[in-house]
Amino acid sequence: MADELGILKGNMDKAVAFLQGEFMSIRTGRAHPGLVSDIKVDYYGTPTPIKQLANVTIPESRSIQIAPFDKSVLKAMEKAILAANIGMTPQSDGSVIRLTLPELTKARRVELTKLLAKKAEESKVVIRNYRRDTIETLKKQEKASEITEDDLKKFTKDVQDITDSYVKKIDEVYKAKEKEVLED
């Protein structure tokens with residue numbers, strides 16, 4: 001039984017980590033390397049993330065600087081950033097690319113909080129699906145007489161407690177990101 005709970009916690013940890021990664025890619029008023037680091041650039045025929053091709057730095061709170069290790073990939077990076085449609089236009093001086101984040105409007109901030117809420121709810125659904133799958137496994141074990149009915153009730157309660165704690169973690173991650181988006 002400890003195996004099922006361990007697997008459940010591992011899967012739920014992955015769901016929370018995935019949500020945090022999703023939230024990093026959502027632009028707030030502050031620059032963050034996560035906004036561009038996973039954009040794929042055509043590097044000699046292979047789609048490669050920017051983070052593998054360049055040093056991404058934040059010189060100011062609202063700007064991103066991308067310094068490619070190989071200057072020949074600069075034009076391809078500019079094209080990839082434009083194609084990613086992240087709301088910023090790359091400016092190149094021949095050796096580095098600079099991106100400046102525009103000021104977020106109130107309407108855009110509200111729109112972003114709705115997107116955050118949607119992604120948080122999707123993560124909660126994933127967590128609940130893991131709970132359902134684990135409980136089904138427990139019921140099968142009880143039917144096969146591998147565990148007793150009392151064990152089933154106890155383990156089901158444990159699974160629910162774990163689920164509740166991860167739903168709470170998702171809420172905390174969401175509230176933190178929402179606060180960041182709504183700050184001026």
# chains A, B, ... in the order shown; residues from 1 in each chain; ligands from 1

call {"tool": "residues_around", "arguments": {"residues": "A:Gly10", "least_positions_apart": "4", "cutoff": "12 Å", "atoms": "only C-alpha atoms", "output": "ChimeraX atom specification"}}
result
/A:3-6,14-17,127,130,162-163,166

call {"tool": "write_last_selection", "arguments": {"atoms": "N, CA, C and O atoms", "output": "compact mmCIF listing (two decimals), in the first residue's frame"}}
result
# COMPACT_ATOMS: atom_id res chain seq x y z
N ASP A 3 3.44 1.67 -1.54
CA ASP A 3 3.84 1.91 -2.94
C ASP A 3 2.84 2.80 -3.65
O ASP A 3 3.22 3.76 -4.32
N GLU A 4 1.55 2.48 -3.49
CA GLU A 4 0.50 3.28 -4.16
C GLU A 4 0.52 4.73 -3.67
O GLU A 4 0.39 5.65 -4.46
N LEU A 5 0.69 4.92 -2.36
CA LEU A 5 0.72 6.28 -1.81
C LEU A 5 1.96 7.04 -2.31
O LEU A 5 1.89 8.23 -2.60
N GLY A 6 3.08 6.34 -2.41
CA GLY A 6 4.30 6.95 -2.92
C GLY A 6 4.14 7.37 -4.37
O GLY A 6 4.55 8.47 -4.77
N LYS A 14 4.47 16.05 -9.53
CA LYS A 14 4.71 16.39 -10.93
C LYS A 14 3.63 17.35 -11.43
O LYS A 14 3.93 18.27 -12.20
N ALA A 15 2.38 17.13 -11.03
CA ALA A 15 1.28 18.01 -11.46
C ALA A 15 1.49 19.43 -10.94
O ALA A 15 1.29 20.40 -11.68
N VAL A 16 1.92 19.56 -9.69
CA VAL A 16 2.16 20.89 -9.11
C VAL A 16 3.36 21.55 -9.81
O VAL A 16 3.32 22.72 -10.15
N ALA A 17 4.42 20.76 -10.06
CA ALA A 17 5.61 21.30 -10.73
C ALA A 17 5.26 21.75 -12.16
O ALA A 17 5.74 22.78 -12.62
N ILE A 127 -5.08 16.13 -10.38
CA ILE A 127 -4.90 15.61 -9.02
C ILE A 127 -6.07 14.68 -8.66
O ILE A 127 -5.87 13.58 -8.13
N TYR A 130 -5.82 11.34 -10.35
CA TYR A 130 -4.87 10.46 -9.65
C TYR A 130 -5.53 9.84 -8.43
O TYR A 130 -5.35 8.66 -8.14
N ILE A 162 -4.18 13.25 1.29
CA ILE A 162 -3.08 13.63 0.40
C ILE A 162 -3.62 14.54 -0.71
O ILE A 162 -3.04 15.58 -1.02
N THR A 163 -4.75 14.14 -1.29
CA THR A 163 -5.37 14.93 -2.36
C THR A 163 -5.69 16.34 -1.87
O THR A 163 -5.39 17.33 -2.55
N TYR A 166 -2.60 18.51 -1.68
CA TYR A 166 -2.09 18.96 -2.98
C TYR A 166 -3.01 20.00 -3.63
O TYR A 166 -2.52 20.91 -4.30

call {"tool": "residues_around", "arguments": {"residues": "A:Leu112", "least_positions_apart": "6", "cutoff": "10 Å", "atoms": "only C-alpha atoms", "output": "PyMOL selection string"}}
result
chain A and resi 26-28+104+106+118+177-178+181-182

call {"tool": "write_last_selection", "arguments": {"atoms": "all heavy atoms", "output": "mmCIF file, in the first residue's frame"}}
result
data_model
loop_
_atom_site.group_PDB
_atom_site.id
_atom_site.type_symbol
_atom_site.label_atom_id
_atom_site.label_comp_id
_atom_site.auth_asym_id
_atom_site.auth_seq_id
_atom_site.Cartn_x
_atom_site.Cartn_y
_atom_site.Cartn_z
ATOM 1 N N ILE A 26 3.768 32.546 -18.204
ATOM 2 C CA ILE A 26 2.764 33.600 -18.320
ATOM 3 C C ILE A 26 3.401 34.915 -17.902
ATOM 4 O O ILE A 26 3.937 35.046 -16.807
ATOM 5 C CB ILE A 26 1.514 33.278 -17.465
ATOM 6 C CG1 ILE A 26 0.829 32.045 -18.045
ATOM 7 C CG2 ILE A 26 0.566 34.468 -17.429
ATOM 8 C CD1 ILE A 26 -0.348 31.546 -17.253
ATOM 9 N N ARG A 27 3.324 35.868 -18.800
ATOM 10 C CA ARG A 27 4.017 37.140 -18.614
ATOM 11 C C ARG A 27 3.294 38.022 -17.604
ATOM 12 O O ARG A 27 2.102 38.253 -17.693
ATOM 13 C CB ARG A 27 4.121 37.861 -19.954
ATOM 14 C CG ARG A 27 4.926 39.115 -19.893
ATOM 15 C CD ARG A 27 5.224 39.612 -21.269
ATOM 16 N NE ARG A 27 4.032 39.941 -22.033
ATOM 17 C CZ ARG A 27 3.404 41.100 -21.961
ATOM 18 N NH1 ARG A 27 3.831 42.033 -21.134
ATOM 19 N NH2 ARG A 27 2.355 41.335 -22.701
ATOM 20 N N THR A 28 4.037 38.493 -16.644
ATOM 21 C CA THR A 28 3.523 39.482 -15.690
ATOM 22 C C THR A 28 4.225 40.795 -15.996
ATOM 23 O O THR A 28 4.820 40.936 -17.047
ATOM 24 C CB THR A 28 3.809 39.056 -14.234
ATOM 25 O OG1 THR A 28 5.222 38.948 -14.074
ATOM 26 C CG2 THR A 28 3.150 37.738 -13.890
ATOM 27 N N LEU A 104 1.522 46.235 -18.521
ATOM 28 C CA LEU A 104 0.261 45.496 -18.603
ATOM 29 C C LEU A 104 -0.913 46.427 -18.298
ATOM 30 O O LEU A 104 -0.868 47.184 -17.334
ATOM 31 C CB LEU A 104 0.236 44.337 -17.606
ATOM 32 C CG LEU A 104 1.122 43.140 -17.909
ATOM 33 C CD1 LEU A 104 1.030 42.132 -16.772
ATOM 34 C CD2 LEU A 104 0.730 42.480 -19.205
ATOM 35 N N LYS A 106 -4.930 47.089 -17.184
ATOM 36 C CA LYS A 106 -5.814 46.489 -16.175
ATOM 37 C C LYS A 106 -6.613 45.343 -16.790
ATOM 38 O O LYS A 106 -6.757 44.280 -16.186
ATOM 39 C CB LYS A 106 -6.743 47.570 -15.599
ATOM 40 C CG LYS A 106 -7.578 47.101 -14.446
ATOM 41 C CD LYS A 106 -6.719 46.849 -13.221
ATOM 42 C CE LYS A 106 -7.577 46.463 -12.035
ATOM 43 N NZ LYS A 106 -6.810 45.850 -10.975
ATOM 44 N N LYS A 118 -7.863 29.069 -14.779
ATOM 45 C CA LYS A 118 -8.180 27.927 -15.647
ATOM 46 C C LYS A 118 -7.094 26.863 -15.538
ATOM 47 O O LYS A 118 -7.378 25.673 -15.395
ATOM 48 C CB LYS A 118 -8.317 28.413 -17.089
ATOM 49 C CG LYS A 118 -8.645 27.330 -18.089
ATOM 50 C CD LYS A 118 -8.799 27.928 -19.489
ATOM 51 C CE LYS A 118 -9.056 26.846 -20.490
ATOM 52 N NZ LYS A 118 -7.947 26.562 -21.358
ATOM 53 N N LYS A 177 0.810 33.656 -7.760
ATOM 54 C CA LYS A 177 0.970 34.153 -9.128
ATOM 55 C C LYS A 177 -0.084 35.229 -9.428
ATOM 56 O O LYS A 177 0.218 36.220 -10.086
ATOM 57 C CB LYS A 177 0.854 32.994 -10.122
ATOM 58 C CG LYS A 177 1.144 33.395 -11.548
ATOM 59 C CD LYS A 177 2.604 33.818 -11.731
ATOM 60 C CE LYS A 177 2.933 34.063 -13.187
ATOM 61 N NZ LYS A 177 4.341 34.314 -13.417
ATOM 62 N N GLU A 178 -1.299 35.042 -8.922
ATOM 63 C CA GLU A 178 -2.352 36.034 -9.127
ATOM 64 C C GLU A 178 -1.940 37.373 -8.520
ATOM 65 O O GLU A 178 -2.100 38.428 -9.131
ATOM 66 C CB GLU A 178 -3.662 35.540 -8.503
ATOM 67 C CG GLU A 178 -4.814 36.507 -8.683
ATOM 68 C CD GLU A 178 -6.067 36.063 -7.941
ATOM 69 O OE1 GLU A 178 -5.945 35.655 -6.757
ATOM 70 O OE2 GLU A 178 -7.159 36.149 -8.531
ATOM 71 N N VAL A 181 0.559 39.045 -10.730
ATOM 72 C CA VAL A 181 -0.032 39.597 -11.951
ATOM 73 C C VAL A 181 -0.771 40.899 -11.656
ATOM 74 O O VAL A 181 -0.707 41.851 -12.440
ATOM 75 C CB VAL A 181 -0.994 38.574 -12.604
ATOM 76 C CG1 VAL A 181 -1.871 39.223 -13.662
ATOM 77 C CG2 VAL A 181 -0.202 37.422 -13.206
ATOM 78 N N LEU A 182 -1.456 40.959 -10.523
ATOM 79 C CA LEU A 182 -2.266 42.129 -10.222
ATOM 80 C C LEU A 182 -1.481 43.305 -9.658
ATOM 81 O O LEU A 182 -1.987 44.417 -9.611
ATOM 82 C CB LEU A 182 -3.400 41.751 -9.257
ATOM 83 C CG LEU A 182 -4.458 40.803 -9.845
ATOM 84 C CD1 LEU A 182 -5.455 40.388 -8.778
ATOM 85 C CD2 LEU A 182 -5.160 41.427 -11.026
#

call {"tool": "closest_residue", "arguments": {"among": "A:Val96, A:Leu152, A:Ile66, A:Leu101", "to": "A:Leu138", "atoms": "only C-alpha atoms"}}
result
A:Leu152

call {"tool": "closest_residue", "arguments": {"among": "A:Gln91, A:Asp151, A:Arg131, A:Gly21", "to": "A:Lys9", "atoms": "only C-alpha atoms"}}
result
A:Arg131

call {"tool": "atom_distance", "arguments": {"atom1": "atom CA of A:Asn55", "atom2": "atom CA of A:Glu183"}}
result
28.0 Å

call {"tool": "residues_around", "arguments": {"residues": "A:Thr137", "least_positions_apart": "4", "cutoff": "12 Å", "atoms": "only C-alpha atoms", "output": "list in words"}}
result
Met1, Asp3, Glu4, Leu5, Ile7, Leu8, Tyr130, Arg131, Arg132, Asp133, Gln141, Glu142, Lys143, Ala144, Glu146, Ile147, Leu152, Phe155, Thr156 and Val159 of chain A

call {"tool": "write_last_selection", "arguments": {"atoms": "N, CA and C atoms", "output": "CSV table (one decimal), in the first residue's frame"}}
result
chain,number,residue,atom,x,y,z
A,1,MET,N,0.8,-1.2,0.0
A,1,MET,CA,0.0,0.0,0.0
A,1,MET,C,0.9,1.3,0.0
A,3,ASP,N,3.4,1.7,-1.5
A,3,ASP,CA,3.8,1.9,-2.9
A,3,ASP,C,2.8,2.8,-3.6
A,4,GLU,N,1.5,2.5,-3.5
A,4,GLU,CA,0.5,3.3,-4.2
A,4,GLU,C,0.5,4.7,-3.7
A,5,LEU,N,0.7,4.9,-2.4
A,5,LEU,CA,0.7,6.3,-1.8
A,5,LEU,C,2.0,7.0,-2.3
A,7,ILE,N,3.5,6.5,-5.2
A,7,ILE,CA,3.3,6.8,-6.6
A,7,ILE,C,2.3,8.0,-6.7
A,8,LEU,N,1.3,8.0,-5.9
A,8,LEU,CA,0.3,9.0,-5.9
A,8,LEU,C,1.0,10.4,-5.6
A,130,TYR,N,-5.8,11.3,-10.4
A,130,TYR,CA,-4.9,10.5,-9.7
A,130,TYR,C,-5.5,9.8,-8.4
A,131,ARG,N,-6.3,10.6,-7.7
A,131,ARG,CA,-7.0,10.1,-6.5
A,131,ARG,C,-8.0,9.0,-6.9
A,132,ARG,N,-8.8,9.2,-8.0
A,132,ARG,CA,-9.7,8.2,-8.5
A,132,ARG,C,-9.0,7.0,-8.9
A,133,ASP,N,-7.9,7.1,-9.6
A,133,ASP,CA,-7.2,5.9,-10.1
A,133,ASP,C,-6.6,5.1,-8.9
A,141,GLN,N,-7.8,-4.3,-5.0
A,141,GLN,CA,-7.0,-5.1,-4.0
A,141,GLN,C,-8.0,-5.7,-2.9
A,142,GLU,N,-9.0,-4.9,-2.6
A,142,GLU,CA,-9.9,-5.4,-1.5
A,142,GLU,C,-10.7,-6.5,-2.1
A,143,LYS,N,-11.2,-6.4,-3.4
A,143,LYS,CA,-11.9,-7.5,-4.0
A,143,LYS,C,-11.1,-8.8,-4.1
A,144,ALA,N,-9.8,-8.6,-4.4
A,144,ALA,CA,-8.9,-9.7,-4.5
A,144,ALA,C,-8.4,-10.2,-3.2
A,146,GLU,N,-6.6,-8.8,-1.0
A,146,GLU,CA,-5.2,-8.4,-0.7
A,146,GLU,C,-5.2,-7.5,0.5
A,147,ILE,N,-6.3,-6.7,0.7
A,147,ILE,CA,-6.4,-5.9,1.8
A,147,ILE,C,-7.8,-6.0,2.4
A,152,LEU,N,-9.2,-0.7,3.4
A,152,LEU,CA,-9.7,0.1,2.3
A,152,LEU,C,-10.2,1.4,2.8
A,155,PHE,N,-7.1,3.5,4.0
A,155,PHE,CA,-6.3,4.0,2.9
A,155,PHE,C,-7.0,5.0,2.0
A,156,THR,N,-8.3,4.8,1.8
A,156,THR,CA,-9.1,5.8,1.1
A,156,THR,C,-9.1,7.2,1.8
A,159,VAL,N,-5.7,8.7,1.1
A,159,VAL,CA,-5.6,9.2,-0.3
A,159,VAL,C,-6.3,10.5,-0.3

call {"tool": "closest_residue", "arguments": {"among": "A:Leu19, A:Ile81, A:Ala54, A:Leu116", "to": "A:Val36", "atoms": "only C-alpha atoms"}}
result
A:Ile81

call {"tool": "closest_residue", "arguments": {"among": "A:Thr134, A:Ser25, A:Asn11, A:Thr57", "to": "A:Gln160", "atoms": "only C-alpha atoms"}}
result
A:Thr134

call {"tool": "residues_around", "arguments": {"residues": "A:Ile170", "least_positions_apart": "3", "cutoff": "9 Å", "atoms": "only C-alpha atoms", "output": "list in words"}}
result
Val16, Leu19, Gln20, Ala120, Glu121, Ser123, Lys124, Ser165, Tyr166, Val167, Val173, Tyr174 and Lys175 of chain A

call {"tool": "write_last_selection", "arguments": {"atoms": "N, CA and C atoms", "output": "PDB file, in the first residue's frame"}}
result
ATOM      1  N   VAL A  16       1.915  19.556  -9.687  1.00  0.00           N
ATOM      2  CA  VAL A  16       2.161  20.890  -9.111  1.00  0.00           C
ATOM      3  C   VAL A  16       3.362  21.545  -9.809  1.00  0.00           C
ATOM      4  N   LEU A  19       2.361  22.813 -13.180  1.00  0.00           N
ATOM      5  CA  LEU A  19       1.592  24.059 -13.058  1.00  0.00           C
ATOM      6  C   LEU A  19       2.533  25.246 -12.825  1.00  0.00           C
ATOM      7  N   GLN A  20       3.524  25.058 -11.970  1.00  0.00           N
ATOM      8  CA  GLN A  20       4.479  26.133 -11.710  1.00  0.00           C
ATOM      9  C   GLN A  20       5.230  26.512 -12.988  1.00  0.00           C
ATOM     10  N   ALA A 120      -4.975  26.439 -13.073  1.00  0.00           N
ATOM     11  CA  ALA A 120      -5.007  25.869 -11.725  1.00  0.00           C
ATOM     12  C   ALA A 120      -6.112  24.829 -11.624  1.00  0.00           C
ATOM     13  N   GLU A 121      -7.268  25.115 -12.196  1.00  0.00           N
ATOM     14  CA  GLU A 121      -8.383  24.165 -12.154  1.00  0.00           C
ATOM     15  C   GLU A 121      -8.043  22.897 -12.942  1.00  0.00           C
ATOM     16  N   SER A 123      -5.123  21.617 -13.242  1.00  0.00           N
ATOM     17  CA  SER A 123      -4.212  20.851 -12.384  1.00  0.00           C
ATOM     18  C   SER A 123      -4.973  20.128 -11.278  1.00  0.00           C
ATOM     19  N   LYS A 124      -5.997  20.785 -10.750  1.00  0.00           N
ATOM     20  CA  LYS A 124      -6.816  20.140  -9.720  1.00  0.00           C
ATOM     21  C   LYS A 124      -7.536  18.915 -10.294  1.00  0.00           C
ATOM     22  N   SER A 165      -4.296  18.018   0.494  1.00  0.00           N
ATOM     23  CA  SER A 165      -3.075  18.801   0.708  1.00  0.00           C
ATOM     24  C   SER A 165      -2.508  19.317  -0.621  1.00  0.00           C
ATOM     25  N   TYR A 166      -2.605  18.512  -1.685  1.00  0.00           N
ATOM     26  CA  TYR A 166      -2.090  18.961  -2.980  1.00  0.00           C
ATOM     27  C   TYR A 166      -3.006  19.997  -3.628  1.00  0.00           C
ATOM     28  N   VAL A 167      -4.304  19.885  -3.424  1.00  0.00           N
ATOM     29  CA  VAL A 167      -5.229  20.904  -3.925  1.00  0.00           C
ATOM     30  C   VAL A 167      -4.914  22.234  -3.231  1.00  0.00           C
ATOM     31  N   VAL A 173      -0.068  28.222  -4.957  1.00  0.00           N
ATOM     32  CA  VAL A 173       0.712  28.608  -6.132  1.00  0.00           C
ATOM     33  C   VAL A 173      -0.100  29.598  -6.968  1.00  0.00           C
ATOM     34  N   TYR A 174      -1.377  29.319  -7.132  1.00  0.00           N
ATOM     35  CA  TYR A 174      -2.259  30.203  -7.906  1.00  0.00           C
ATOM     36  C   TYR A 174      -2.366  31.581  -7.257  1.00  0.00           C
ATOM     37  N   LYS A 175      -2.608  31.620  -5.946  1.00  0.00           N
ATOM     38  CA  LYS A 175      -2.767  32.904  -5.246  1.00  0.00           C
ATOM     39  C   LYS A 175      -1.490  33.750  -5.357  1.00  0.00           C
TER      40      LYS A 175
END

call {"tool": "select_by_dssp", "arguments": {"residues": "stretch 10-69 of chain A", "states": "helix (DSSP H, G or I)", "output": "JSON, numbers by chain"}}
result
{"A": [10, 11, 12, 13, 14, 15, 16, 17, 18, 19, 20, 21, 22, 23, 24, 33, 34, 35, 50, 51, 52, 53]}

call {"tool": "residues_around", "arguments": {"residues": "A:Gly94", "least_positions_apart": "6", "cutoff": "12 Å", "atoms": "only C-alpha atoms", "output": "PyMOL selection string"}}
result
chain A and resi 66-68+70-75+77-78
